Amino acid sequence: MVSDVIDRNDRFRGILDRLATKSIDDYYNPYRLFEWPDRLPEDMWWMSPELTTTFGTEWAERLTPQQLHRLSKHESINFYSLNVHGIRELLIEVVGRIHTAGFETPSEFFHHFIGEENEHMWFFAEFCLRYGGKIYRQPAGGEAGDAEGTGSAAKIQSLLVFARILIFEELVDHFNSAMAEDERLHETIRGINRIHHQDESRHIAFGRELVDLLHQDLKQTATEQELADVSTYLRRYLKHSFDSLYHPQVYRDAGLEHPHELRRSLLESPARAAAEQRTFRKTIKYLEKTGLVR
Ligand SMILES: [Fe+2]
Ligand SMILES: [Fe+2]
């Protein structure tokens with residue numbers, strides 16, 4: 001049982017206690033915390049240029065500063081939209097497991113997690129609607145999809161769910177931590193990224209421990225093929241998550257021509273591979289060290 005592996009682990013219990021206390025100490029009212037100016041200046045960076053999808057490509061040279069600023073605005077709205085969709089999906093999974101067999105021990109922390117994620121979803125959606133007038137839809141195939149070939153065992157499903165949550169949170173945190181510090185960005189933008197980074201550092205610490213334990217538990221019964229399939233699935237998920245930053249509607253909204261061709265050429269550029277590597281450097285190191293990804 002998953003619960004045995006978790007319950008017998010004093011280290012995990014200690015970490016859960018510490019993170020729950022920190023959640024209580026850091027608790028804030030998101031509905032009062034932020035300043036929401038009616039509008040933010042258009043002609044400025046809305047996202048650190050190094051994090052935009054044209055960075056390091058010929059497009060960063062070819063477009064005017066105004067075009068790049070406008071693109072950074074729409075890319076930032078897409079980034080927060082991805083957060084809204086990602087949070088909805090992870091909330092469904094965590095709500096489905098809290099106080100069920102096997103998840104007794106982390107359930108206390110799940111309460112903080114669910115509460116905090118609901119608030120994150122609120123401020124990301126607020127930003128999108130207020131400054132972008134919409135939440136971008138997820139492109140087709142945006143969901144994680146089923147882990148084909150890995151069987152339907154509940155253990156595998158839970159491992160993949162929490163591994164996906166971890167990968168998603170680490171991707172977002174790479175962006176949040178950079179933008180929180182970036183003095184070229186408006187204070188409202190920096191503030192949202194700063195607060196999210198603060199909360200996510202607890203979620204990521206939790207996720208790394210839980211995913212490792214779920215994996216250790218699975219290894220006791222899984223076949224070699226099932227473990228190989230988990231690895232393949234996670235590698236695909238890493239790539240898929242990064243691809244979702246490249247949204248054709250973003251390029252269209254930024255006034256750029258041939259958005260689908262542009263997306264394709266950006267996805268194929270060496271700059272994209274380098275950016276993906278930078279974003280997931282720590283994540284890959286963790287996944288390889290734990291043996292989740294071979
Ligand atoms: Fe979050
Ligand atoms: Fe989170």
# chains A, B, ... in the order shown; residues from 1 in each chain; ligands from 1
call {"tool": "residues_near_ligand", "arguments": {"ligand": "ligand 1", "cutoff": "7 Å", "atoms": "only C-alpha atoms and all ligand atoms", "output": "ChimeraX atom specification"}}
result
/A:87,116-117,120,196,199-200
call {"tool": "residues_around", "arguments": {"residues": "Phe280 in chain A", "least_positions_apart": "2", "cutoff": "12 Å", "atoms": "only C-alpha atoms", "output": "ChimeraX atom specification"}}
result
/A:166-175,235,237-239,241-242,273-278,282-288
call {"tool": "write_last_selection", "arguments": {"atoms": "N, CA, C and O atoms", "output": "tab-separated table (two decimals), in the first residue's frame"}}
result
chain	number	residue	atom	x	y	z
A	166	LEU	N	4.38	18.11	-10.55
A	166	LEU	CA	5.72	18.59	-10.21
A	166	LEU	C	6.39	19.24	-11.42
A	166	LEU	O	6.96	20.34	-11.32
A	167	ILE	N	6.31	18.59	-12.57
A	167	ILE	CA	6.94	19.13	-13.79
A	167	ILE	C	6.32	20.48	-14.14
A	167	ILE	O	7.01	21.46	-14.42
A	168	PHE	N	5.01	20.54	-14.08
A	168	PHE	CA	4.29	21.79	-14.37
A	168	PHE	C	4.72	22.90	-13.39
A	168	PHE	O	5.01	24.03	-13.79
A	169	GLU	N	4.79	22.57	-12.11
A	169	GLU	CA	5.15	23.59	-11.11
A	169	GLU	C	6.59	24.03	-11.27
A	169	GLU	O	6.91	25.20	-11.06
A	170	GLU	N	7.46	23.12	-11.67
A	170	GLU	CA	8.87	23.51	-11.85
A	170	GLU	C	9.04	24.40	-13.09
A	170	GLU	O	9.82	25.34	-13.08
A	171	LEU	N	8.29	24.09	-14.14
A	171	LEU	CA	8.34	24.95	-15.33
A	171	LEU	C	7.90	26.36	-14.97
A	171	LEU	O	8.59	27.35	-15.25
A	172	VAL	N	6.76	26.45	-14.32
A	172	VAL	CA	6.20	27.75	-13.95
A	172	VAL	C	7.16	28.49	-13.02
A	172	VAL	O	7.38	29.69	-13.16
A	173	ASP	N	7.76	27.75	-12.10
A	173	ASP	CA	8.63	28.40	-11.13
A	173	ASP	C	9.89	28.98	-11.76
A	173	ASP	O	10.42	29.99	-11.29
A	174	HIS	N	10.37	28.34	-12.82
A	174	HIS	CA	11.52	28.89	-13.54
A	174	HIS	C	11.18	30.30	-14.04
A	174	HIS	O	11.98	31.22	-13.95
A	175	PHE	N	9.97	30.46	-14.55
A	175	PHE	CA	9.52	31.76	-15.05
A	175	PHE	C	9.25	32.73	-13.88
A	175	PHE	O	9.65	33.88	-13.92
A	235	ARG	N	9.17	11.88	-20.27
A	235	ARG	CA	9.98	12.63	-21.26
A	235	ARG	C	9.08	13.34	-22.25
A	235	ARG	O	9.30	14.49	-22.62
A	237	TYR	N	6.02	14.22	-21.71
A	237	TYR	CA	5.27	15.27	-21.01
A	237	TYR	C	6.12	16.54	-20.84
A	237	TYR	O	5.61	17.65	-20.94
A	238	LEU	N	7.41	16.37	-20.59
A	238	LEU	CA	8.31	17.53	-20.47
A	238	LEU	C	8.27	18.34	-21.77
A	238	LEU	O	8.12	19.56	-21.75
A	239	LYS	N	8.41	17.64	-22.88
A	239	LYS	CA	8.44	18.32	-24.17
A	239	LYS	C	7.10	18.99	-24.46
A	239	LYS	O	7.03	20.15	-24.86
A	241	SER	N	4.84	20.01	-22.36
A	241	SER	CA	4.60	21.17	-21.50
A	241	SER	C	5.32	22.39	-22.07
A	241	SER	O	4.76	23.49	-22.08
A	242	PHE	N	6.54	22.18	-22.52
A	242	PHE	CA	7.29	23.33	-23.04
A	242	PHE	C	6.65	23.85	-24.33
A	242	PHE	O	6.57	25.06	-24.55
A	273	ALA	N	15.38	24.50	-28.12
A	273	ALA	CA	15.99	23.37	-27.41
A	273	ALA	C	16.81	23.86	-26.23
A	273	ALA	O	16.75	23.31	-25.12
A	274	ALA	N	17.54	24.95	-26.46
A	274	ALA	CA	18.37	25.52	-25.38
A	274	ALA	C	17.49	26.05	-24.25
A	274	ALA	O	17.80	25.85	-23.06
A	275	ALA	N	16.39	26.70	-24.62
A	275	ALA	CA	15.49	27.28	-23.61
A	275	ALA	C	14.82	26.17	-22.79
A	275	ALA	O	14.67	26.27	-21.57
A	276	GLU	N	14.44	25.09	-23.47
A	276	GLU	CA	13.81	23.97	-22.77
A	276	GLU	C	14.80	23.36	-21.77
A	276	GLU	O	14.44	23.01	-20.64
A	277	GLN	N	16.05	23.26	-22.20
A	277	GLN	CA	17.08	22.70	-21.33
A	277	GLN	C	17.30	23.58	-20.09
A	277	GLN	O	17.41	23.06	-18.97
A	278	ARG	N	17.34	24.89	-20.31
A	278	ARG	CA	17.52	25.82	-19.17
A	278	ARG	C	16.36	25.70	-18.20
A	278	ARG	O	16.51	25.64	-16.99
A	282	LYS	N	17.01	21.68	-13.52
A	282	LYS	CA	16.91	21.06	-12.18
A	282	LYS	C	15.91	19.91	-12.19
A	282	LYS	O	16.10	18.91	-11.51
A	283	THR	N	14.85	20.05	-12.96
A	283	THR	CA	13.81	19.01	-13.03
A	283	THR	C	14.38	17.71	-13.58
A	283	THR	O	14.16	16.64	-13.04
A	284	ILE	N	15.13	17.83	-14.69
A	284	ILE	CA	15.73	16.64	-15.33
A	284	ILE	C	16.72	16.00	-14.37
A	284	ILE	O	16.78	14.77	-14.25
A	285	LYS	N	17.48	16.84	-13.69
A	285	LYS	CA	18.47	16.31	-12.74
A	285	LYS	C	17.76	15.46	-11.67
A	285	LYS	O	18.19	14.36	-11.35
A	286	TYR	N	16.65	15.99	-11.17
A	286	TYR	CA	15.87	15.26	-10.17
A	286	TYR	C	15.31	13.97	-10.76
A	286	TYR	O	15.40	12.89	-10.17
A	287	LEU	N	14.70	14.06	-11.93
A	287	LEU	CA	14.05	12.88	-12.54
A	287	LEU	C	15.06	11.79	-12.86
A	287	LEU	O	14.77	10.60	-12.73
A	288	GLU	N	16.27	12.20	-13.24
A	288	GLU	CA	17.30	11.20	-13.57
A	288	GLU	C	17.90	10.61	-12.29
A	288	GLU	O	18.16	9.42	-12.22
call {"tool": "residues_around", "arguments": {"residues": "Leu185 in chain A", "least_positions_apart": "4", "cutoff": "10 Å", "atoms": "only C-alpha atoms", "output": "tab-separated table (two decimals) with C-alpha atoms, in the first residue's frame"}}
result
chain	number	residue	atom	x	y	z
A	44	MET	CA	7.21	47.77	-22.08
A	45	TRP	CA	8.28	44.20	-21.42
A	46	TRP	CA	5.44	42.16	-19.91
A	47	MET	CA	7.65	39.13	-19.64
A	48	SER	CA	11.43	38.92	-19.34
A	179	MET	CA	10.25	37.61	-13.40
A	180	ALA	CA	9.97	38.36	-9.69
A	181	GLU	CA	13.51	39.78	-9.86
A	189	ILE	CA	3.69	41.65	-12.73
A	190	ARG	CA	6.68	41.18	-10.44
A	191	GLY	CA	4.41	40.92	-7.38
call {"tool": "residues_around", "arguments": {"residues": "range 94-105 of chain A", "least_positions_apart": "2", "cutoff": "9 Å", "atoms": "only C-alpha atoms", "output": "list of chain:residue names"}}
result
A:Met1, A:Val2, A:Ser3, A:Asp4, A:Ile6, A:Asp7, A:Arg13, A:Leu16, A:Glu89, A:Leu90, A:Leu91, A:Ile92, A:Ser107, A:Glu108, A:Phe109, A:Phe110, A:His111, A:Phe113, A:Ile114, A:Ser158, A:Val161, A:Phe162
call {"tool": "atom_distance", "arguments": {"atom1": "CA of Asn193 in chain A", "atom2": "CA of Ser177 in chain A"}}
result
6.8 Å
call {"tool": "atom_distance", "arguments": {"atom1": "CA of Arg236 in chain A", "atom2": "CA of Val211 in chain A"}}
result
17.5 Å
call {"tool": "closest_residue", "arguments": {"among": "A:Ser244, A:Gln138, A:Asn83, A:Gln249", "to": "ligand 2", "atoms": "only C-alpha atoms and all ligand atoms"}}
result
A:Asn83
call {"tool": "residues_around", "arguments": {"residues": "range 25-29 of chain A", "least_positions_apart": "5", "cutoff": "10 Å", "atoms": "only C-alpha atoms", "output": "number ranges by chain"}}
result
A: 19-20, 34, 112, 116, 119, 195, 198-199
call {"tool": "atom_distance", "arguments": {"atom1": "CA of Thr21 in chain A", "atom2": "CA of Asn118 in chain A"}}
result
19.0 Å
call {"tool": "select_by_dssp", "arguments": {"residues": "range 34-229 of chain A", "states": "alpha helix (DSSP H)", "output": "ChimeraX atom specification"}}
result
/A:58-62,65-95,107-127,154-181,187-219,224-229
call {"tool": "closest_residue", "arguments": {"among": "A:Leu63, A:Ala125, A:Ile135, A:Ile165", "to": "ligand 2", "atoms": "only C-alpha atoms and all ligand atoms"}}
result
A:Ile165
call {"tool": "closest_residue", "arguments": {"among": "A:Arg88, A:Arg18, A:Arg272, A:Lys219", "to": "ligand 2", "atoms": "only C-alpha atoms and all ligand atoms"}}
result
A:Arg88
call {"tool": "residues_around", "arguments": {"residues": "Gly133 in chain A", "least_positions_apart": "5", "cutoff": "12 Å", "atoms": "only C-alpha atoms", "output": "list in words"}}
result
Arg39, Lys73, His74, Ile77, Asn78, Ser81, Ala125, Glu126, Phe127, Cys128 and Asp253 of chain A
call {"tool": "write_last_selection", "arguments": {"atoms": "N, CA and C atoms", "output": "PDB file, in the first residue's frame"}}
result
ATOM      1  N   ARG A  39      -4.946  49.784 -16.051  1.00  0.00           N
ATOM      2  CA  ARG A  39      -4.191  49.269 -17.194  1.00  0.00           C
ATOM      3  C   ARG A  39      -2.701  49.336 -16.901  1.00  0.00           C
ATOM      4  N   LYS A  73       3.567  40.850 -24.181  1.00  0.00           N
ATOM      5  CA  LYS A  73       2.297  40.971 -23.459  1.00  0.00           C
ATOM      6  C   LYS A  73       1.440  39.727 -23.697  1.00  0.00           C
ATOM      7  N   HIS A  74       1.252  39.368 -24.963  1.00  0.00           N
ATOM      8  CA  HIS A  74       0.379  38.223 -25.262  1.00  0.00           C
ATOM      9  C   HIS A  74       0.991  36.910 -24.781  1.00  0.00           C
ATOM     10  N   ILE A  77       0.165  36.694 -21.163  1.00  0.00           N
ATOM     11  CA  ILE A  77      -1.235  36.298 -20.925  1.00  0.00           C
ATOM     12  C   ILE A  77      -1.385  34.788 -21.176  1.00  0.00           C
ATOM     13  N   ASN A  78      -0.689  34.293 -22.187  1.00  0.00           N
ATOM     14  CA  ASN A  78      -0.736  32.838 -22.433  1.00  0.00           C
ATOM     15  C   ASN A  78      -0.102  32.067 -21.278  1.00  0.00           C
ATOM     16  N   SER A  81      -2.500  32.017 -18.561  1.00  0.00           N
ATOM     17  CA  SER A  81      -3.611  31.137 -18.962  1.00  0.00           C
ATOM     18  C   SER A  81      -3.238  29.669 -18.760  1.00  0.00           C
ATOM     19  N   ALA A 125      -6.151  34.254 -13.350  1.00  0.00           N
ATOM     20  CA  ALA A 125      -7.315  34.523 -14.209  1.00  0.00           C
ATOM     21  C   ALA A 125      -7.631  36.022 -14.205  1.00  0.00           C
ATOM     22  N   GLU A 126      -7.547  36.641 -13.027  1.00  0.00           N
ATOM     23  CA  GLU A 126      -7.807  38.080 -12.903  1.00  0.00           C
ATOM     24  C   GLU A 126      -6.854  38.866 -13.815  1.00  0.00           C
ATOM     25  N   PHE A 127      -5.591  38.493 -13.788  1.00  0.00           N
ATOM     26  CA  PHE A 127      -4.597  39.179 -14.623  1.00  0.00           C
ATOM     27  C   PHE A 127      -4.961  39.033 -16.108  1.00  0.00           C
ATOM     28  N   CYS A 128      -5.261  37.806 -16.529  1.00  0.00           N
ATOM     29  CA  CYS A 128      -5.587  37.540 -17.941  1.00  0.00           C
ATOM     30  C   CYS A 128      -6.806  38.352 -18.385  1.00  0.00           C
ATOM     31  N   ASP A 253      -2.508  37.480 -32.198  1.00  0.00           N
ATOM     32  CA  ASP A 253      -2.913  38.641 -31.400  1.00  0.00           C
ATOM     33  C   ASP A 253      -1.825  39.713 -31.339  1.00  0.00           C
TER      34      ASP A 253
END
call {"tool": "closest_residue", "arguments": {"among": "A:Thr279, A:Ser265, A:Thr232, A:Thr290", "to": "His215 in chain A", "atoms": "only C-alpha atoms"}}
result
A:Thr290
call {"tool": "residues_around", "arguments": {"residues": "Ser231 in chain A", "least_positions_apart": "3", "cutoff": "7 Å", "atoms": "only C-alpha atoms", "output": "PyMOL selection string"}}
result
chain A and resi 227-228+234-235+292-294
call {"tool": "decode", "arguments": {"residues": "range 96-250 of chain A", "atoms": "C-alpha atoms", "output": "PDB file, in the first residue's frame"}}
result
ATOM      1  CA  GLY A  96      -9.939  13.251  -5.976  1.00  0.00           C
ATOM      2  CA  ARG A  97      -7.323  11.815  -3.599  1.00  0.00           C
ATOM      3  CA  ILE A  98      -7.568  13.836  -0.377  1.00  0.00           C
ATOM      4  CA  HIS A  99      -8.734  11.687   2.575  1.00  0.00           C
ATOM      5  CA  THR A 100      -8.829   8.522   0.479  1.00  0.00           C
ATOM      6  CA  ALA A 101      -7.016   5.274   1.251  1.00  0.00           C
ATOM      7  CA  GLY A 102      -3.294   5.624   0.710  1.00  0.00           C
ATOM      8  CA  PHE A 103      -3.258   9.392   1.078  1.00  0.00           C
ATOM      9  CA  GLU A 104      -4.043   9.743   4.791  1.00  0.00           C
ATOM     10  CA  THR A 105      -0.657  11.206   5.665  1.00  0.00           C
ATOM     11  CA  PRO A 106      -0.395  14.006   3.066  1.00  0.00           C
ATOM     12  CA  SER A 107      -4.091  14.983   3.370  1.00  0.00           C
ATOM     13  CA  GLU A 108      -3.393  17.716   5.919  1.00  0.00           C
ATOM     14  CA  PHE A 109      -0.943  19.306   3.500  1.00  0.00           C
ATOM     15  CA  PHE A 110      -3.401  18.791   0.607  1.00  0.00           C
ATOM     16  CA  HIS A 111      -5.735  21.243   2.361  1.00  0.00           C
ATOM     17  CA  HIS A 112      -3.084  23.964   2.109  1.00  0.00           C
ATOM     18  CA  PHE A 113      -2.242  22.932  -1.427  1.00  0.00           C
ATOM     19  CA  ILE A 114      -5.861  23.042  -2.618  1.00  0.00           C
ATOM     20  CA  GLY A 115      -6.532  26.357  -0.871  1.00  0.00           C
ATOM     21  CA  GLU A 116      -3.407  27.987  -2.241  1.00  0.00           C
ATOM     22  CA  GLU A 117      -3.953  26.718  -5.771  1.00  0.00           C
ATOM     23  CA  ASN A 118      -7.500  28.032  -5.812  1.00  0.00           C
ATOM     24  CA  GLU A 119      -6.109  31.449  -4.928  1.00  0.00           C
ATOM     25  CA  HIS A 120      -3.375  31.215  -7.550  1.00  0.00           C
ATOM     26  CA  MET A 121      -5.961  30.350 -10.169  1.00  0.00           C
ATOM     27  CA  TRP A 122      -7.940  33.424  -9.114  1.00  0.00           C
ATOM     28  CA  PHE A 123      -5.080  35.918  -9.439  1.00  0.00           C
ATOM     29  CA  PHE A 124      -3.812  34.434 -12.714  1.00  0.00           C
ATOM     30  CA  ALA A 125      -7.315  34.523 -14.209  1.00  0.00           C
ATOM     31  CA  GLU A 126      -7.807  38.080 -12.903  1.00  0.00           C
ATOM     32  CA  PHE A 127      -4.597  39.179 -14.623  1.00  0.00           C
ATOM     33  CA  CYS A 128      -5.587  37.540 -17.941  1.00  0.00           C
ATOM     34  CA  LEU A 129      -9.113  38.951 -17.973  1.00  0.00           C
ATOM     35  CA  ARG A 130      -8.179  42.418 -16.752  1.00  0.00           C
ATOM     36  CA  TYR A 131      -5.180  43.044 -19.001  1.00  0.00           C
ATOM     37  CA  GLY A 132      -5.665  40.572 -21.859  1.00  0.00           C
ATOM     38  CA  GLY A 133      -9.471  40.526 -22.010  1.00  0.00           C
ATOM     39  CA  LYS A 134      -9.439  36.716 -22.158  1.00  0.00           C
ATOM     40  CA  ILE A 135      -7.947  33.462 -21.013  1.00  0.00           C
ATOM     41  CA  TYR A 136      -6.218  31.643 -23.865  1.00  0.00           C
ATOM     42  CA  ARG A 137      -7.640  28.231 -24.603  1.00  0.00           C
ATOM     43  CA  GLN A 138      -5.330  25.305 -24.411  1.00  0.00           C
ATOM     44  CA  PRO A 139      -4.220  24.304 -27.884  1.00  0.00           C
ATOM     45  CA  ALA A 140      -5.517  20.960 -29.188  1.00  0.00           C
ATOM     46  CA  GLY A 141      -3.823  18.062 -27.455  1.00  0.00           C
ATOM     47  CA  GLY A 142      -3.192  20.352 -24.531  1.00  0.00           C
ATOM     48  CA  GLU A 143      -4.165  17.783 -21.958  1.00  0.00           C
ATOM     49  CA  ALA A 144      -1.606  15.360 -20.738  1.00  0.00           C
ATOM     50  CA  GLY A 145      -3.337  12.429 -22.391  1.00  0.00           C
ATOM     51  CA  ASP A 146      -3.378   8.913 -21.107  1.00  0.00           C
ATOM     52  CA  ALA A 147      -0.238   7.087 -20.263  1.00  0.00           C
ATOM     53  CA  GLU A 148      -0.639   4.428 -22.904  1.00  0.00           C
ATOM     54  CA  GLY A 149       1.112   1.202 -22.255  1.00  0.00           C
ATOM     55  CA  THR A 150       1.633   1.899 -18.572  1.00  0.00           C
ATOM     56  CA  GLY A 151      -1.456  -0.036 -17.550  1.00  0.00           C
ATOM     57  CA  SER A 152      -4.260   1.311 -15.480  1.00  0.00           C
ATOM     58  CA  ALA A 153      -2.984   0.449 -12.030  1.00  0.00           C
ATOM     59  CA  ALA A 154      -3.927   3.127  -9.505  1.00  0.00           C
ATOM     60  CA  LYS A 155      -0.332   3.315  -8.319  1.00  0.00           C
ATOM     61  CA  ILE A 156       0.950   4.203 -11.758  1.00  0.00           C
ATOM     62  CA  GLN A 157      -1.811   6.724 -12.283  1.00  0.00           C
ATOM     63  CA  SER A 158      -1.039   8.443  -8.980  1.00  0.00           C
ATOM     64  CA  LEU A 159       2.670   8.523  -9.679  1.00  0.00           C
ATOM     65  CA  LEU A 160       2.082  10.075 -13.104  1.00  0.00           C
ATOM     66  CA  VAL A 161      -0.391  12.609 -11.709  1.00  0.00           C
ATOM     67  CA  PHE A 162       2.015  13.885  -9.072  1.00  0.00           C
ATOM     68  CA  ALA A 163       4.986  13.768 -11.450  1.00  0.00           C
ATOM     69  CA  ARG A 164       3.010  15.861 -13.955  1.00  0.00           C
ATOM     70  CA  ILE A 165       2.068  18.346 -11.229  1.00  0.00           C
ATOM     71  CA  LEU A 166       5.722  18.586 -10.208  1.00  0.00           C
ATOM     72  CA  ILE A 167       6.941  19.130 -13.787  1.00  0.00           C
ATOM     73  CA  PHE A 168       4.295  21.786 -14.368  1.00  0.00           C
ATOM     74  CA  GLU A 169       5.146  23.586 -11.106  1.00  0.00           C
ATOM     75  CA  GLU A 170       8.870  23.510 -11.851  1.00  0.00           C
ATOM     76  CA  LEU A 171       8.341  24.947 -15.333  1.00  0.00           C
ATOM     77  CA  VAL A 172       6.203  27.752 -13.955  1.00  0.00           C
ATOM     78  CA  ASP A 173       8.628  28.400 -11.128  1.00  0.00           C
ATOM     79  CA  HIS A 174      11.519  28.890 -13.539  1.00  0.00           C
ATOM     80  CA  PHE A 175       9.518  31.760 -15.046  1.00  0.00           C
ATOM     81  CA  ASN A 176       8.192  33.105 -11.740  1.00  0.00           C
ATOM     82  CA  SER A 177      11.564  33.324 -10.041  1.00  0.00           C
ATOM     83  CA  ALA A 178      13.132  35.153 -12.996  1.00  0.00           C
ATOM     84  CA  MET A 179      10.246  37.609 -13.399  1.00  0.00           C
ATOM     85  CA  ALA A 180       9.970  38.363  -9.686  1.00  0.00           C
ATOM     86  CA  GLU A 181      13.513  39.784  -9.856  1.00  0.00           C
ATOM     87  CA  ASP A 182      13.276  41.503 -13.228  1.00  0.00           C
ATOM     88  CA  GLU A 183      13.363  45.300 -12.835  1.00  0.00           C
ATOM     89  CA  ARG A 184      12.236  45.829 -16.442  1.00  0.00           C
ATOM     90  CA  LEU A 185       8.779  44.544 -15.496  1.00  0.00           C
ATOM     91  CA  HIS A 186       5.890  46.422 -13.900  1.00  0.00           C
ATOM     92  CA  GLU A 187       5.553  45.972 -10.141  1.00  0.00           C
ATOM     93  CA  THR A 188       2.127  44.290 -10.494  1.00  0.00           C
ATOM     94  CA  ILE A 189       3.686  41.645 -12.727  1.00  0.00           C
ATOM     95  CA  ARG A 190       6.676  41.178 -10.442  1.00  0.00           C
ATOM     96  CA  GLY A 191       4.414  40.916  -7.384  1.00  0.00           C
ATOM     97  CA  ILE A 192       2.268  38.123  -8.813  1.00  0.00           C
ATOM     98  CA  ASN A 193       5.356  36.178  -9.826  1.00  0.00           C
ATOM     99  CA  ARG A 194       7.010  36.763  -6.446  1.00  0.00           C
ATOM    100  CA  ILE A 195       4.027  35.538  -4.428  1.00  0.00           C
ATOM    101  CA  HIS A 196       3.514  32.523  -6.632  1.00  0.00           C
ATOM    102  CA  HIS A 197       7.198  31.607  -6.370  1.00  0.00           C
ATOM    103  CA  GLN A 198       6.964  31.820  -2.581  1.00  0.00           C
ATOM    104  CA  ASP A 199       4.027  29.383  -2.416  1.00  0.00           C
ATOM    105  CA  GLU A 200       5.359  27.077  -5.104  1.00  0.00           C
ATOM    106  CA  SER A 201       8.662  26.528  -3.348  1.00  0.00           C
ATOM    107  CA  ARG A 202       6.640  24.622  -0.711  1.00  0.00           C
ATOM    108  CA  HIS A 203       4.612  22.717  -3.315  1.00  0.00           C
ATOM    109  CA  ILE A 204       7.761  21.713  -5.202  1.00  0.00           C
ATOM    110  CA  ALA A 205       9.522  20.568  -2.012  1.00  0.00           C
ATOM    111  CA  PHE A 206       6.440  18.476  -1.212  1.00  0.00           C
ATOM    112  CA  GLY A 207       6.102  17.137  -4.760  1.00  0.00           C
ATOM    113  CA  ARG A 208       9.716  15.983  -4.963  1.00  0.00           C
ATOM    114  CA  GLU A 209       9.345  13.954  -1.773  1.00  0.00           C
ATOM    115  CA  LEU A 210       5.958  12.472  -2.661  1.00  0.00           C
ATOM    116  CA  VAL A 211       6.878  11.551  -6.232  1.00  0.00           C
ATOM    117  CA  ASP A 212      10.045   9.826  -5.030  1.00  0.00           C
ATOM    118  CA  LEU A 213       8.071   7.801  -2.458  1.00  0.00           C
ATOM    119  CA  LEU A 214       5.358   6.843  -4.945  1.00  0.00           C
ATOM    120  CA  HIS A 215       8.068   5.711  -7.337  1.00  0.00           C
ATOM    121  CA  GLN A 216       9.863   3.641  -4.686  1.00  0.00           C
ATOM    122  CA  ASP A 217       6.557   2.030  -3.820  1.00  0.00           C
ATOM    123  CA  LEU A 218       5.761   1.273  -7.451  1.00  0.00           C
ATOM    124  CA  LYS A 219       9.176  -0.278  -8.051  1.00  0.00           C
ATOM    125  CA  GLN A 220       8.385  -3.037  -5.557  1.00  0.00           C
ATOM    126  CA  THR A 221       5.689  -4.468  -7.817  1.00  0.00           C
ATOM    127  CA  ALA A 222       6.009  -2.967 -11.298  1.00  0.00           C
ATOM    128  CA  THR A 223       7.492  -4.747 -14.274  1.00  0.00           C
ATOM    129  CA  GLU A 224      10.582  -3.457 -16.042  1.00  0.00           C
ATOM    130  CA  GLN A 225       8.378  -2.542 -19.009  1.00  0.00           C
ATOM    131  CA  GLU A 226       5.992  -0.495 -16.852  1.00  0.00           C
ATOM    132  CA  LEU A 227       8.884   1.488 -15.381  1.00  0.00           C
ATOM    133  CA  ALA A 228      10.316   2.080 -18.858  1.00  0.00           C
ATOM    134  CA  ASP A 229       6.889   3.301 -20.009  1.00  0.00           C
ATOM    135  CA  VAL A 230       6.716   5.755 -17.103  1.00  0.00           C
ATOM    136  CA  SER A 231      10.074   7.158 -18.167  1.00  0.00           C
ATOM    137  CA  THR A 232       8.988   7.502 -21.805  1.00  0.00           C
ATOM    138  CA  TYR A 233       5.733   9.143 -20.777  1.00  0.00           C
ATOM    139  CA  LEU A 234       7.469  11.707 -18.556  1.00  0.00           C
ATOM    140  CA  ARG A 235       9.982  12.627 -21.256  1.00  0.00           C
ATOM    141  CA  ARG A 236       7.085  13.230 -23.622  1.00  0.00           C
ATOM    142  CA  TYR A 237       5.273  15.270 -21.005  1.00  0.00           C
ATOM    143  CA  LEU A 238       8.310  17.526 -20.471  1.00  0.00           C
ATOM    144  CA  LYS A 239       8.442  18.324 -24.173  1.00  0.00           C
ATOM    145  CA  HIS A 240       4.699  18.733 -24.443  1.00  0.00           C
ATOM    146  CA  SER A 241       4.604  21.175 -21.495  1.00  0.00           C
ATOM    147  CA  PHE A 242       7.288  23.333 -23.040  1.00  0.00           C
ATOM    148  CA  ASP A 243       5.515  23.328 -26.436  1.00  0.00           C
ATOM    149  CA  SER A 244       2.427  24.840 -24.839  1.00  0.00           C
ATOM    150  CA  LEU A 245       4.305  28.119 -24.379  1.00  0.00           C
ATOM    151  CA  TYR A 246       4.163  28.489 -28.188  1.00  0.00           C
ATOM    152  CA  HIS A 247       0.570  29.400 -28.975  1.00  0.00           C
ATOM    153  CA  PRO A 248      -0.484  30.340 -32.534  1.00  0.00           C
ATOM    154  CA  GLN A 249      -3.209  32.677 -31.273  1.00  0.00           C
ATOM    155  CA  VAL A 250      -0.578  34.612 -29.313  1.00  0.00           C
TER     156      VAL A 250
END
